[in-house]
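One structure is given here, and the rest of the page talks about it.
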Amino acid sequence: MGLTGNNVLVLAVGSAVLLFVGTVWLWPRLSRRTWRAVSGRVGLLLATQLALFAAVGLAANQAFGFYASWADLFGQEDEQGVVVDHTANGGSGGPLQVTDIRRVREAGSARPQNSGQIQKVAIVGRTTHIATSAFVYLPPEYFQPQYRARTFPAAVVLTGYPGTAQALVDKLHYPGTALDLAKDGRMQPMILVMMRPTVAPPRDTECVDIPDGPQTESFFAKDLPDAVLAHYRVGKKPGSWGIIGDSTGGYCALKLAMHHPEVYAAGAGLSPYYNAPSDPTTGDLFQGDKGLRDRANLFWYLKHMPAPDTSLLVSSSRIGESNYKDTLKFIDRVKATNRTRVSSIILESGGHNFNTWRREIPAALQWMSGRLSDR
């Protein structure tokens with residue numbers, strides 16, 4: 001049974017309920033002061049609490065998409081990682097291979113010309129040799145005969161940490177939202193490349209080129225666009241690409257748009273932070289390289305580096321988000337550059353969670369669409 005399956009959750013909840021009832025039923029019989037009775041009471045309490053914690057944890061994981069599988073939870077997943085490809089051209093299958101196809105909505109039309117299509121893909125970076133998976137949303141127009149010669153703008157969509165790419169599809173509803181907005185004429189048809197920024201799990205690399213480690217910034221700035229361009233009809237000009245993410249993905253989106261405006265014409269950070277953290281999940285990202293550490297600080301970058309020619313969007317909430325003051329400070333710093341463009345979504349209240357981001361995604365996609373070209 002998979003970690004995110006309903007069967008596992010039902011089993012955990014059922015176990016917790018049975019243990020609770022069993023504790024109430026057996027407690028009078030274990031009221032003696034013998035070592036067996038005391039051990040029985042301790043065992044029942046411990047088992048009941050563990051079952052309750054498991055049920056709550058599984059429910060939270062289903063709601064927020066922290067881990068996709070048991071292997072992911074225990075840091076033993078083998079689908080994604082950093083690999084070295086010893087062939088000259090990155091493998092006979094090319095840098096991107098489609099591994100699965102699904103509908104945008106289960107109840108929707110089976111014809112991609114009507115409702116678009118989601119393709120699960122495996123990507124191998126030609127220069128960084130990073131291997132990862134992603135979901136690619138193709139709008140209905142991509143399959144319609146009258147658009148066969150047209151290229152489309154593309155947006156990379158990133159989760160937080162640890163996050164799962166599946167959550168972008170099933171929990172945050174990026175494909176369905178893009179489909180509805182385009183049908184209503186509120187955004188142009190766009191290709192979405194949905195993935196997690198954690199391309200060297202379980203390590204949180206914060207989209208940094210780590211000395212003697214995963215070159216994750218280069219992967220997102222060079223290898224990923226090249227792989228997508230080689231397989232799909234995406235515009236080749238810098239104005240054709242954008243990047244959006246939440247939390248860690250939001251920080252990565254802003255940083256990549258600022259560091260690589262020749263690639264990303266727009267970057268949107270939903271509930272982002274503005275400097276790479278240093279904690280047990282990241283390890284030592286910079287290996288003592290002060291220049292690399294400074295570049296990862298977006299406030300430092302705005303103050304000391306030439307203002308990038310890109311558009312940025314940031315979001316926060318007056319109540320419920322810890323980044324509110326930093327977001328206002330960031331907006332002021334960007335406005336002072338007179339070159340980099342900045343917009344914002346500020347909610348009255350909203351926590352650091354999926355419910356908040358679902359409220360911001362439609363406006364963020366419309367904003368992104370208005371800043372990208374299909375050529």
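In the structure tokens, chains take letters A, B, ... by order of appearance, with residues numbered from 1 within each chain and ligands from 1 in the order shown.
For Arg41 of chain A, the list of residues within 12 Å, based on only C-alpha atoms and with local chain neighbours fewer than 3 positions off taken out, reads Leu19, Gly22, Thr23, Val24, Trp25, Leu26, Trp27, Pro28, Arg29, Leu30, Ser31, Arg32, Arg33, Thr34, Trp35, Arg36, Ala37, Val38, Leu44, Leu45, Leu46, Ala47 and Thr48 of chain A.
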Print the selection's residues with N, CA and C atoms to a file, as an mmCIF file, in the first residue's frame.
data_model
loop_
_atom_site.group_PDB
_atom_site.id
_atom_site.type_symbol
_atom_site.label_atom_id
_atom_site.label_comp_id
_atom_site.auth_asym_id
_atom_site.auth_seq_id
_atom_site.Cartn_x
_atom_site.Cartn_y
_atom_site.Cartn_z
ATOM 1 N N LEU A 19 -7.572 0.791 18.943
ATOM 2 C CA LEU A 19 -6.683 0.841 20.109
ATOM 3 C C LEU A 19 -7.275 1.699 21.219
ATOM 4 N N GLY A 22 -9.978 -0.339 22.727
ATOM 5 C CA GLY A 22 -9.359 -1.412 23.494
ATOM 6 C C GLY A 22 -8.755 -0.927 24.794
ATOM 7 N N THR A 23 -8.178 0.267 24.774
ATOM 8 C CA THR A 23 -7.595 0.832 25.998
ATOM 9 C C THR A 23 -8.673 1.073 27.050
ATOM 10 N N VAL A 24 -9.794 1.677 26.603
ATOM 11 C CA VAL A 24 -10.907 1.923 27.537
ATOM 12 C C VAL A 24 -11.446 0.605 28.099
ATOM 13 N N TRP A 25 -11.556 -0.419 27.258
ATOM 14 C CA TRP A 25 -12.120 -1.711 27.672
ATOM 15 C C TRP A 25 -11.191 -2.467 28.620
ATOM 16 N N LEU A 26 -9.902 -2.426 28.342
ATOM 17 C CA LEU A 26 -8.954 -3.236 29.109
ATOM 18 C C LEU A 26 -8.394 -2.521 30.342
ATOM 19 N N TRP A 27 -8.558 -1.201 30.408
ATOM 20 C CA TRP A 27 -7.914 -0.450 31.500
ATOM 21 C C TRP A 27 -8.305 -0.968 32.886
ATOM 22 N N PRO A 28 -9.588 -1.238 33.174
ATOM 23 C CA PRO A 28 -9.924 -1.749 34.527
ATOM 24 C C PRO A 28 -9.239 -3.078 34.829
ATOM 25 N N ARG A 29 -9.032 -3.889 33.816
ATOM 26 C CA ARG A 29 -8.414 -5.188 34.049
ATOM 27 C C ARG A 29 -6.907 -5.071 34.275
ATOM 28 N N LEU A 30 -6.361 -3.907 33.910
ATOM 29 C CA LEU A 30 -4.923 -3.696 34.086
ATOM 30 C C LEU A 30 -4.642 -2.712 35.219
ATOM 31 N N SER A 31 -5.584 -2.631 36.168
ATOM 32 C CA SER A 31 -5.455 -1.636 37.242
ATOM 33 C C SER A 31 -4.564 -2.095 38.397
ATOM 34 N N ARG A 32 -4.142 -3.344 38.339
ATOM 35 C CA ARG A 32 -3.275 -3.829 39.417
ATOM 36 C C ARG A 32 -1.895 -3.195 39.343
ATOM 37 N N ARG A 33 -1.112 -3.418 40.416
ATOM 38 C CA ARG A 33 0.228 -2.828 40.479
ATOM 39 C C ARG A 33 1.316 -3.836 40.145
ATOM 40 N N THR A 34 0.944 -4.926 39.535
ATOM 41 C CA THR A 34 1.962 -5.900 39.129
ATOM 42 C C THR A 34 2.697 -5.380 37.907
ATOM 43 N N TRP A 35 3.887 -5.936 37.671
ATOM 44 C CA TRP A 35 4.675 -5.440 36.540
ATOM 45 C C TRP A 35 3.997 -5.734 35.206
ATOM 46 N N ARG A 36 3.236 -6.832 35.148
ATOM 47 C CA ARG A 36 2.526 -7.143 33.913
ATOM 48 C C ARG A 36 1.421 -6.128 33.644
ATOM 49 N N ALA A 37 0.681 -5.750 34.678
ATOM 50 C CA ALA A 37 -0.401 -4.782 34.507
ATOM 51 C C ALA A 37 0.152 -3.416 34.110
ATOM 52 N N VAL A 38 1.229 -2.984 34.775
ATOM 53 C CA VAL A 38 1.845 -1.690 34.452
ATOM 54 C C VAL A 38 2.375 -1.701 33.018
ATOM 55 N N LEU A 44 -0.414 -0.121 25.946
ATOM 56 C CA LEU A 44 -1.641 0.374 25.319
ATOM 57 C C LEU A 44 -1.568 1.871 25.030
ATOM 58 N N LEU A 45 -1.086 2.637 26.003
ATOM 59 C CA LEU A 45 -0.973 4.086 25.797
ATOM 60 C C LEU A 45 -0.009 4.414 24.655
ATOM 61 N N LEU A 46 1.128 3.735 24.646
ATOM 62 C CA LEU A 46 2.119 3.995 23.606
ATOM 63 C C LEU A 46 1.586 3.623 22.223
ATOM 64 N N ALA A 47 0.950 2.458 22.128
ATOM 65 C CA ALA A 47 0.419 2.016 20.834
ATOM 66 C C ALA A 47 -0.678 2.954 20.337
ATOM 67 N N THR A 48 -1.556 3.402 21.248
ATOM 68 C CA THR A 48 -2.637 4.312 20.853
ATOM 69 C C THR A 48 -2.076 5.644 20.368
#
- Query: Which residues come within 9 Å of Glu217 of chain A, counting only C-alpha atoms, excluding same-chain residues fewer than 2 positions away, as a PyMOL selection string?
  - Reply: chain A and resi 206-210+214-215+219-222+252+256
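With distances restricted to only C-alpha atoms, A:Leu172 is the closest residue to Thr356 of chain A from A:Asn338, A:Asn114, A:Leu172, A:Gly267.
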- Item | Surrounding residues of Tyr147 of chain A excluding itself and chain neighbours under 5 positions, 12 Å, only C-alpha atoms, as JSON, numbers by chain | {"A": [113, 139, 140, 141, 142, 152, 189, 233, 374]}
- Among segment 181-347 of chain A, which ones does DSSP place in alpha helix (DSSP H), written as a PyMOL selection string? chain A and resi 181-183+216-218+224-231+248-259+290-295+298-304+324-335
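Pairwise distance (atom CA of Val136 of chain A, atom CA of Pro362 of chain A) equals 18.1 Å.
Compared by their closest atoms to Thr177 of chain A, and using only C-alpha atoms, the residues A:Ala131, A:Val42, A:Met190, A:Ile361 rank with A:Ile361 nearest.
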Which segment 167-285 of chain A residues have any atom within 10 Å of an atom of segment 344-355 of chain A, and for each, what is the nearest pair of atoms with distance in Å to one decimal, counting only C-alpha atoms, rows sorted by chain and number, as a tab-separated table?
residue	atom	partner	partner_atom	distance
A:Ala167	CA	A:Phe354	CA	9.4
A:Leu168	CA	A:Phe354	CA	9.7
A:Lys171	CA	A:Phe354	CA	7.4
A:Leu172	CA	A:Phe354	CA	6.6
A:Asp246	CA	A:His352	CA	9.1
A:Ser247	CA	A:His352	CA	7.9
A:Ala268	CA	A:Ser344	CA	9.1
A:Gly269	CA	A:Ser344	CA	9.3
A:Leu270	CA	A:Ile345	CA	8.5
A:Ser271	CA	A:His352	CA	6.8
A:Pro272	CA	A:His352	CA	9.7
- Would you give me, as a PyMOL selection string, the residues in segment 182-322 of chain A that DSSP reads as strand (DSSP E or B)? chain A and resi 191-195+209+215+234+241-246+266-270+311-319
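Proximity ranking of A:Lys120, A:Lys325, A:Lys290, A:Lys255 relative to Ala134 of chain A places A:Lys120 first, based on only C-alpha atoms.
A straight line drawn from atom CA of Val314 of chain A to atom CA of Thr205 of chain A is 21.3 Å long.
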- Query: Which residues come within 12 Å of Tyr264 of chain A, counting only C-alpha atoms, excluding same-chain residues fewer than 4 positions away, as a PyMOL selection string?
  - Reply: chain A and resi 153-156+220-222+224-225+235-244+252-260+268+308-312+368+371-373
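The closest residue to Ser317 of chain A, picked from A:Trp357, A:Phe20, A:Phe135, A:Tyr274 and counting only C-alpha atoms, is A:Trp357.
One distance worth recording is that between atom CA of Ser315 of chain A and atom CA of Tyr251 of chain A, which is 11.3 Å.
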If we count only C-alpha atoms, what is near Ile118 of chain A at a cut-off of 10 Å, once residues fewer than 4 positions away on the same chain are taken out, given as a PDB file with C-alpha atoms, in the first residue's frame?
ATOM      1  CA  ASP A 100       3.373   8.084 -18.850  1.00  0.00           C
ATOM      2  CA  ILE A 101       0.358  10.004 -20.186  1.00  0.00           C
ATOM      3  CA  ARG A 102      -2.801  11.032 -18.347  1.00  0.00           C
ATOM      4  CA  ARG A 103      -5.807  13.314 -18.700  1.00  0.00           C
ATOM      5  CA  VAL A 104      -5.975  16.756 -17.146  1.00  0.00           C
ATOM      6  CA  ARG A 105      -9.162  15.723 -15.352  1.00  0.00           C
ATOM      7  CA  PRO A 112      -6.177  16.013 -25.831  1.00  0.00           C
ATOM      8  CA  PHE A 135       4.957  16.406 -15.243  1.00  0.00           C
ATOM      9  CA  VAL A 136       4.405  18.404 -18.425  1.00  0.00           C
ATOM     10  CA  TYR A 137       1.004  19.960 -19.105  1.00  0.00           C
ATOM     11  CA  LEU A 138       0.249  20.516 -22.792  1.00  0.00           C
ATOM     12  CA  PRO A 139      -2.772  22.743 -23.528  1.00  0.00           C
ATOM     13  CA  VAL A 169      -1.197  18.388 -10.353  1.00  0.00           C
ATOM     14  CA  PRO A 175      -3.140  22.085 -15.170  1.00  0.00           C
ATOM     15  CA  ILE A 191       3.091  24.623 -21.410  1.00  0.00           C
ATOM     16  CA  LEU A 192       3.750  23.898 -17.720  1.00  0.00           C
ATOM     17  CA  VAL A 193       6.786  21.882 -16.594  1.00  0.00           C
ATOM     18  CA  MET A 194       5.912  20.819 -13.047  1.00  0.00           C
TER      19      MET A 194
END
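Nearest to Leu11 of chain A of all the residues A:Ser115, A:Trp300, A:Ala59, A:Lys183 is A:Ala59, based on only C-alpha atoms.
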